[in-house]
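Data from input_30.cif: mmCIF, C-alpha atoms
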```cif
data_entry
loop_
_atom_site.label_atom_id
_atom_site.label_comp_id
_atom_site.auth_asym_id
_atom_site.auth_seq_id
_atom_site.Cartn_x
_atom_site.Cartn_y
_atom_site.Cartn_z
CA MET Z 1 116.56 82.92 -150.39
CA LYS Z 2 116.17 86.34 -151.96
CA THR Z 3 116.08 87.98 -148.53
CA PHE Z 4 119.13 86.02 -147.38
CA ASP Z 5 121.08 87.14 -150.45
CA GLN Z 6 119.97 90.70 -149.70
CA LEU Z 7 121.26 90.31 -146.14
CA VAL Z 8 124.64 89.12 -147.41
CA ARG Z 9 124.80 92.13 -149.73
CA VAL Z 10 124.05 94.45 -146.78
CA MET Z 11 127.04 92.99 -144.91
CA VAL Z 12 129.27 93.35 -147.98
CA ARG Z 13 128.28 97.01 -148.23
CA LEU Z 14 128.82 97.67 -144.53
CA ARG Z 15 132.37 96.29 -144.83
CA SER Z 16 133.11 98.08 -148.12
CA PRO Z 17 135.34 101.19 -148.35
CA LYS Z 18 132.17 103.34 -148.53
CA GLY Z 19 130.51 101.39 -145.72
CA CYS Z 20 130.60 101.83 -141.96
CA PRO Z 21 134.01 102.62 -140.41
CA TRP Z 22 133.18 100.63 -137.25
CA ASP Z 23 132.11 97.56 -139.23
CA ARG Z 24 135.19 97.77 -141.47
CA LYS Z 25 137.65 97.74 -138.58
CA GLN Z 26 136.15 94.68 -136.86
CA THR Z 27 138.09 91.40 -136.71
CA HIS Z 28 137.23 87.88 -135.60
CA GLN Z 29 138.83 88.68 -132.25
CA SER Z 30 137.10 92.02 -131.72
CA LEU Z 31 133.70 90.48 -132.46
CA LEU Z 32 133.97 87.60 -129.98
CA LYS Z 33 132.53 89.58 -127.09
CA TYR Z 34 129.43 90.38 -129.18
CA LEU Z 35 129.01 86.75 -130.16
CA TYR Z 36 129.02 85.72 -126.50
CA GLU Z 37 126.68 88.57 -125.52
CA GLU Z 38 124.18 87.72 -128.23
CA ALA Z 39 124.25 84.02 -127.34
CA ASP Z 40 123.61 84.89 -123.69
CA GLU Z 41 120.74 87.20 -124.63
CA PHE Z 42 119.21 84.42 -126.71
CA LYS Z 43 119.53 81.97 -123.81
CA GLN Z 44 117.71 84.44 -121.56
CA SER Z 45 114.91 84.79 -124.13
CA VAL Z 46 114.52 81.01 -124.29
CA ARG Z 47 114.37 80.71 -120.51
CA LYS Z 48 111.69 83.44 -120.39
CA LYS Z 49 109.83 81.94 -123.37
CA ASP Z 50 109.94 85.42 -124.90
CA TYR Z 51 109.44 84.47 -128.53
CA ALA Z 52 109.46 88.01 -129.90
CA ASN Z 53 112.85 88.61 -128.28
CA MET Z 54 114.07 85.17 -129.41
CA GLU Z 55 113.40 86.25 -132.99
CA GLU Z 56 115.41 89.43 -132.51
CA GLU Z 57 118.28 87.63 -130.78
CA LEU Z 58 118.46 84.96 -133.47
CA GLY Z 59 118.85 87.80 -135.95
CA ASP Z 60 121.69 89.19 -133.85
CA LEU Z 61 123.35 85.77 -133.82
CA LEU Z 62 122.91 85.50 -137.57
CA LEU Z 63 124.58 88.90 -137.89
CA GLN Z 64 127.59 87.50 -136.04
CA VAL Z 65 127.78 84.53 -138.40
CA LEU Z 66 127.57 86.84 -141.41
CA PHE Z 67 130.18 89.17 -139.96
CA HIS Z 68 132.71 86.40 -139.36
CA ALA Z 69 132.05 84.79 -142.74
CA ARG Z 70 132.51 88.14 -144.50
CA ILE Z 71 135.80 88.81 -142.71
CA ALA Z 72 137.01 85.35 -143.69
CA GLU Z 73 135.92 85.87 -147.31
CA GLU Z 74 137.81 89.17 -147.49
CA LYS Z 75 140.93 87.28 -146.45
CA GLY Z 76 140.29 84.53 -149.02
CA ARG Z 77 139.62 81.85 -146.41
CA PHE Z 78 135.94 80.92 -146.85
CA SER Z 79 132.59 82.54 -147.62
CA MET Z 80 129.06 82.41 -146.23
CA HIS Z 81 128.28 80.07 -149.12
CA ASP Z 82 131.06 77.75 -147.91
CA VAL Z 83 129.68 77.86 -144.36
CA ILE Z 84 126.26 76.82 -145.66
CA LYS Z 85 127.67 74.04 -147.86
CA THR Z 86 129.68 72.69 -144.91
CA LEU Z 87 126.61 72.74 -142.68
CA ILE Z 88 124.49 70.93 -145.29
CA ARG Z 89 127.18 68.26 -145.63
CA LYS Z 90 127.47 67.87 -141.85
CA LEU Z 91 123.70 67.59 -141.35
CA THR Z 92 123.22 65.05 -144.12
CA LEU Z 93 126.16 62.94 -142.94
CA ARG Z 94 124.90 63.00 -139.35
CA HIS Z 95 121.43 61.90 -140.39
CA PRO Z 96 121.83 58.95 -142.76
CA HIS Z 97 118.53 57.56 -141.46
CA VAL Z 98 116.87 60.55 -143.13
CA PHE Z 99 119.08 61.23 -146.17
CA GLY Z 100 120.42 57.72 -146.84
CA TYR Z 101 123.87 56.22 -146.59
CA ARG Z 102 126.46 57.37 -149.07
CA ALA Z 103 130.02 56.32 -149.74
CA GLU Z 104 131.14 59.48 -147.96
CA HIS Z 105 129.15 58.47 -144.89
CA ARG Z 106 130.77 55.04 -144.85
CA ARG Z 107 134.24 56.66 -144.99
CA LEU Z 108 133.29 58.99 -142.15
CA LEU Z 109 132.13 56.08 -139.97
CA LYS Z 110 135.33 54.17 -140.75
CA ASN Z 111 137.48 57.22 -139.88
CA ARG Z 112 135.59 57.75 -136.62
CA SER Z 113 136.09 54.11 -135.75
CA LEU Z 114 139.81 54.39 -136.48
CA ARG Z 115 140.16 57.57 -134.42
CA SER Z 116 138.27 55.96 -131.56
CA GLU Z 117 140.59 52.95 -131.70
CA GLU Z 118 143.65 55.23 -131.81
CA ARG Z 119 142.43 57.07 -128.69
CA ARG Z 120 141.79 53.78 -126.88
CA VAL Z 121 145.26 52.43 -127.75
CA GLY Z 122 146.85 55.77 -126.86
CA LYS Z 123 145.25 55.70 -123.40
CA GLU Z 124 146.46 52.14 -122.85
CA CYS Z 125 150.01 53.15 -123.82
CA ARG Z 126 149.97 56.19 -121.54
CA SER Z 127 148.66 54.15 -118.60
CA ARG Z 128 151.64 51.81 -118.91
CA TRP Z 129 154.12 54.63 -118.30
#
```
Take the structure in the file and write it out as structure tokens.
Amino acid sequence: MKTFDQLVRVMVRLRSPKGCPWDRKQTHQSLLKYLYEEADEFKQSVRKKDYANMEEELGDLLLQVLFHARIAEEKGRFSMHDVIKTLIRKLTLRHPHVFGYRAEHRRLLKNRSLRSEERRVGKECRSRW
């Protein structure tokens, strides 16, 4: 994780007042085109089975994640740490057969069941009109 922490520090520096002017002025909206471009480039690498390029493109996608997380952190919304914690929670809840059932997982299943029932009833009501 030392290298990941170093990467986060690089992004913090790039966005700092003494960092890169282009990086500092970016917003979630202005970065969207780069996110799409990098995802497309990764897809092309996968299709070509070009593993060296896949590695590079995954780095470019990771840059986009770091960029967006840093912008959000600067605005007090969430941090890269929060993104990682949310992903860990999501993965463990989606894989109870691997990580075990927890009370939180039971609540999630119950909520999904309720939402599914609400959608079903809502469709029935709309079809009556």
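Atom to atom, atom CA of Z:Gln64 and atom CA of Z:Cys20 stand 15.8 Å apart.
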Under the rule that all atoms listed in the file are counted, which of Z:Val10, Z:Leu66, Z:Ala39, Z:Leu93 is the nearest residue to Z:Met80? Z:Leu66
Expanded to explicit residues, what is the PyMOL selection byres ((chain Z and resi 24) around 12) for this file, as a CSV table (one decimal) with C-alpha atoms, in the coordinates of the input?
```csv
chain,number,residue,atom,x,y,z
Z,11,MET,CA,127.0,93.0,-144.9
Z,12,VAL,CA,129.3,93.4,-148.0
Z,13,ARG,CA,128.3,97.0,-148.2
Z,14,LEU,CA,128.8,97.7,-144.5
Z,15,ARG,CA,132.4,96.3,-144.8
Z,16,SER,CA,133.1,98.1,-148.1
Z,17,PRO,CA,135.3,101.2,-148.4
Z,18,LYS,CA,132.2,103.3,-148.5
Z,19,GLY,CA,130.5,101.4,-145.7
Z,20,CYS,CA,130.6,101.8,-142.0
Z,21,PRO,CA,134.0,102.6,-140.4
Z,22,TRP,CA,133.2,100.6,-137.2
Z,23,ASP,CA,132.1,97.6,-139.2
Z,25,LYS,CA,137.6,97.7,-138.6
Z,26,GLN,CA,136.2,94.7,-136.9
Z,27,THR,CA,138.1,91.4,-136.7
Z,28,HIS,CA,137.2,87.9,-135.6
Z,30,SER,CA,137.1,92.0,-131.7
Z,31,LEU,CA,133.7,90.5,-132.5
Z,67,PHE,CA,130.2,89.2,-140.0
Z,68,HIS,CA,132.7,86.4,-139.4
Z,70,ARG,CA,132.5,88.1,-144.5
Z,71,ILE,CA,135.8,88.8,-142.7
Z,74,GLU,CA,137.8,89.2,-147.5
```
Find the axis-aligned box for stretch 6-21 of chain Z, covering all its listed atoms and adding 4 Å on each side, and write its centre and edge lengths in Å to one decimal as lines of an AutoDock Vina configuration file.
```
center_x = 127.7
center_y = 96.2
center_z = -145.1
size_x = 23.4
size_y = 22.2
size_z = 17.3
```
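Straight-line separation from atom CA of Z:Leu61 to atom CA of Z:Pro96: 28.3 Å.
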Pairwise distance for atom CA of Z:Asp40 and atom CA of Z:Asn53, rounded to one decimal in Å: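 Spanning atom CA of Z:Asp40 to atom CA of Z:Asn53 is a straight-line distance of 12.3 Å.
Residue nearest Z:Leu35 within the list Z:Gln6, Z:Glu56, Z:Tyr51, Z:Val65: Z:Val65 [criterion: smallest interatomic distance, all atoms listed in the file].
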Please write as a PDB file with C-alpha atoms, in the frame of the given file the full residue list that the PyMOL selection byres ((chain Z and resi 83) around 12) yields on this file.
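Once written, out31.pdb looks like this:
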```pdb
ATOM      1  CA  VAL Z  65     127.780  84.530-138.400  1.00  0.00           C
ATOM      2  CA  LEU Z  66     127.570  86.840-141.410  1.00  0.00           C
ATOM      3  CA  HIS Z  68     132.710  86.400-139.360  1.00  0.00           C
ATOM      4  CA  ALA Z  69     132.050  84.790-142.740  1.00  0.00           C
ATOM      5  CA  ARG Z  70     132.510  88.140-144.500  1.00  0.00           C
ATOM      6  CA  ALA Z  72     137.010  85.350-143.690  1.00  0.00           C
ATOM      7  CA  GLU Z  73     135.920  85.870-147.310  1.00  0.00           C
ATOM      8  CA  ARG Z  77     139.620  81.850-146.410  1.00  0.00           C
ATOM      9  CA  PHE Z  78     135.940  80.920-146.850  1.00  0.00           C
ATOM     10  CA  SER Z  79     132.590  82.540-147.620  1.00  0.00           C
ATOM     11  CA  MET Z  80     129.060  82.410-146.230  1.00  0.00           C
ATOM     12  CA  HIS Z  81     128.280  80.070-149.120  1.00  0.00           C
ATOM     13  CA  ASP Z  82     131.060  77.750-147.910  1.00  0.00           C
ATOM     14  CA  ILE Z  84     126.260  76.820-145.660  1.00  0.00           C
ATOM     15  CA  LYS Z  85     127.670  74.040-147.860  1.00  0.00           C
ATOM     16  CA  THR Z  86     129.680  72.690-144.910  1.00  0.00           C
ATOM     17  CA  LEU Z  87     126.610  72.740-142.680  1.00  0.00           C
ATOM     18  CA  ILE Z  88     124.490  70.930-145.290  1.00  0.00           C
ATOM     19  CA  ARG Z  89     127.180  68.260-145.630  1.00  0.00           C
ATOM     20  CA  LYS Z  90     127.470  67.870-141.850  1.00  0.00           C
TER      21      LYS Z  90
END
```
10 Å contact set for Z:Glu38, only C-alpha atoms, chain neighbours under 5 positions out, as a short mmCIF file (atom, residue, chain, number, x, y, z; two decimals) with C-alpha atoms, in the frame of the given file:
```cif
data_model
loop_
_atom_site.label_atom_id
_atom_site.label_comp_id
_atom_site.auth_asym_id
_atom_site.auth_seq_id
_atom_site.Cartn_x
_atom_site.Cartn_y
_atom_site.Cartn_z
CA LEU Z 32 133.97 87.60 -129.98
CA LYS Z 33 132.53 89.58 -127.09
CA LYS Z 43 119.53 81.97 -123.81
CA GLN Z 44 117.71 84.44 -121.56
CA GLU Z 56 115.41 89.43 -132.51
CA GLU Z 57 118.28 87.63 -130.78
CA LEU Z 58 118.46 84.96 -133.47
CA GLY Z 59 118.85 87.80 -135.95
CA ASP Z 60 121.69 89.19 -133.85
CA LEU Z 61 123.35 85.77 -133.82
CA LEU Z 62 122.91 85.50 -137.57
CA LEU Z 63 124.58 88.90 -137.89
CA GLN Z 64 127.59 87.50 -136.04
#
```
Restore all heavy atoms in stretch 66-77 of chain Z and list the result as a compact mmCIF listing (two decimals), in the frame of the given file.
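Wrote selection.txt, looks like this:
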```
# COMPACT_ATOMS: atom_id res chain seq x y z
N LEU Z 66 127.29 86.11 -140.17
CA LEU Z 66 127.57 86.84 -141.41
C LEU Z 66 128.84 87.67 -141.31
O LEU Z 66 129.64 87.73 -142.24
CB LEU Z 66 126.39 87.74 -141.77
CG LEU Z 66 125.16 87.04 -142.30
CD1 LEU Z 66 123.96 87.97 -142.23
CD2 LEU Z 66 125.40 86.57 -143.72
N PHE Z 67 129.00 88.33 -140.18
CA PHE Z 67 130.18 89.17 -139.96
C PHE Z 67 131.46 88.34 -140.07
O PHE Z 67 132.40 88.69 -140.79
CB PHE Z 67 130.10 89.79 -138.56
CG PHE Z 67 130.33 91.27 -138.50
CD1 PHE Z 67 129.49 92.07 -137.75
CD2 PHE Z 67 131.40 91.87 -139.14
CE1 PHE Z 67 129.70 93.44 -137.66
CE2 PHE Z 67 131.62 93.22 -139.06
CZ PHE Z 67 130.77 94.02 -138.31
N HIS Z 68 131.50 87.24 -139.35
CA HIS Z 68 132.71 86.40 -139.36
C HIS Z 68 132.95 85.79 -140.74
O HIS Z 68 134.10 85.72 -141.19
CB HIS Z 68 132.60 85.31 -138.29
CG HIS Z 68 132.79 85.84 -136.91
ND1 HIS Z 68 134.03 86.07 -136.37
CD2 HIS Z 68 131.88 86.19 -135.96
CE1 HIS Z 68 133.89 86.54 -135.13
NE2 HIS Z 68 132.59 86.64 -134.87
N ALA Z 69 131.89 85.36 -141.41
CA ALA Z 69 132.05 84.79 -142.74
C ALA Z 69 132.56 85.86 -143.72
O ALA Z 69 133.42 85.57 -144.56
CB ALA Z 69 130.73 84.20 -143.24
N ARG Z 70 132.07 87.08 -143.60
CA ARG Z 70 132.51 88.14 -144.50
C ARG Z 70 133.99 88.48 -144.27
O ARG Z 70 134.75 88.65 -145.22
CB ARG Z 70 131.64 89.40 -144.32
CG ARG Z 70 132.02 90.53 -145.24
CD ARG Z 70 131.82 90.14 -146.69
NE ARG Z 70 132.53 91.09 -147.54
CZ ARG Z 70 132.93 90.83 -148.77
NH1 ARG Z 70 132.65 89.67 -149.32
NH2 ARG Z 70 133.56 91.73 -149.46
N ILE Z 71 134.39 88.55 -143.02
CA ILE Z 71 135.80 88.81 -142.71
C ILE Z 71 136.68 87.70 -143.30
O ILE Z 71 137.71 87.98 -143.92
CB ILE Z 71 136.00 88.94 -141.18
CG1 ILE Z 71 135.33 90.21 -140.67
CG2 ILE Z 71 137.49 88.92 -140.82
CD1 ILE Z 71 135.21 90.28 -139.15
N ALA Z 72 136.24 86.47 -143.14
CA ALA Z 72 137.01 85.35 -143.69
C ALA Z 72 137.06 85.41 -145.22
O ALA Z 72 138.11 85.16 -145.82
CB ALA Z 72 136.39 84.03 -143.23
N GLU Z 73 135.95 85.78 -145.84
CA GLU Z 73 135.92 85.87 -147.31
C GLU Z 73 136.87 86.97 -147.80
O GLU Z 73 137.57 86.78 -148.80
CB GLU Z 73 134.51 86.14 -147.79
CG GLU Z 73 134.40 86.13 -149.30
CD GLU Z 73 132.96 86.18 -149.80
OE1 GLU Z 73 132.05 86.44 -148.99
OE2 GLU Z 73 132.77 85.97 -151.00
N GLU Z 74 136.90 88.08 -147.10
CA GLU Z 74 137.81 89.17 -147.49
C GLU Z 74 139.26 88.73 -147.44
O GLU Z 74 140.09 89.23 -148.20
CB GLU Z 74 137.61 90.37 -146.57
CG GLU Z 74 136.28 91.06 -146.76
CD GLU Z 74 135.94 92.06 -145.66
OE1 GLU Z 74 136.73 92.23 -144.71
OE2 GLU Z 74 134.86 92.66 -145.75
N LYS Z 75 139.56 87.79 -146.58
CA LYS Z 75 140.93 87.28 -146.45
C LYS Z 75 141.17 86.04 -147.32
O LYS Z 75 142.23 85.43 -147.26
CB LYS Z 75 141.25 86.99 -145.00
CG LYS Z 75 141.21 88.25 -144.13
CD LYS Z 75 141.72 87.99 -142.74
CE LYS Z 75 141.69 89.24 -141.89
NZ LYS Z 75 142.43 90.35 -142.40
N GLY Z 76 140.16 85.66 -148.11
CA GLY Z 76 140.29 84.53 -149.02
C GLY Z 76 140.25 83.17 -148.34
O GLY Z 76 140.75 82.19 -148.89
N ARG Z 77 139.64 83.11 -147.16
CA ARG Z 77 139.62 81.85 -146.41
C ARG Z 77 138.38 81.01 -146.70
O ARG Z 77 138.46 79.84 -147.00
CB ARG Z 77 139.76 82.14 -144.93
CG ARG Z 77 141.13 82.74 -144.63
CD ARG Z 77 141.41 82.83 -143.15
NE ARG Z 77 142.78 83.27 -142.95
CZ ARG Z 77 143.11 84.46 -142.47
NH1 ARG Z 77 142.17 85.32 -142.14
NH2 ARG Z 77 144.38 84.78 -142.32
```
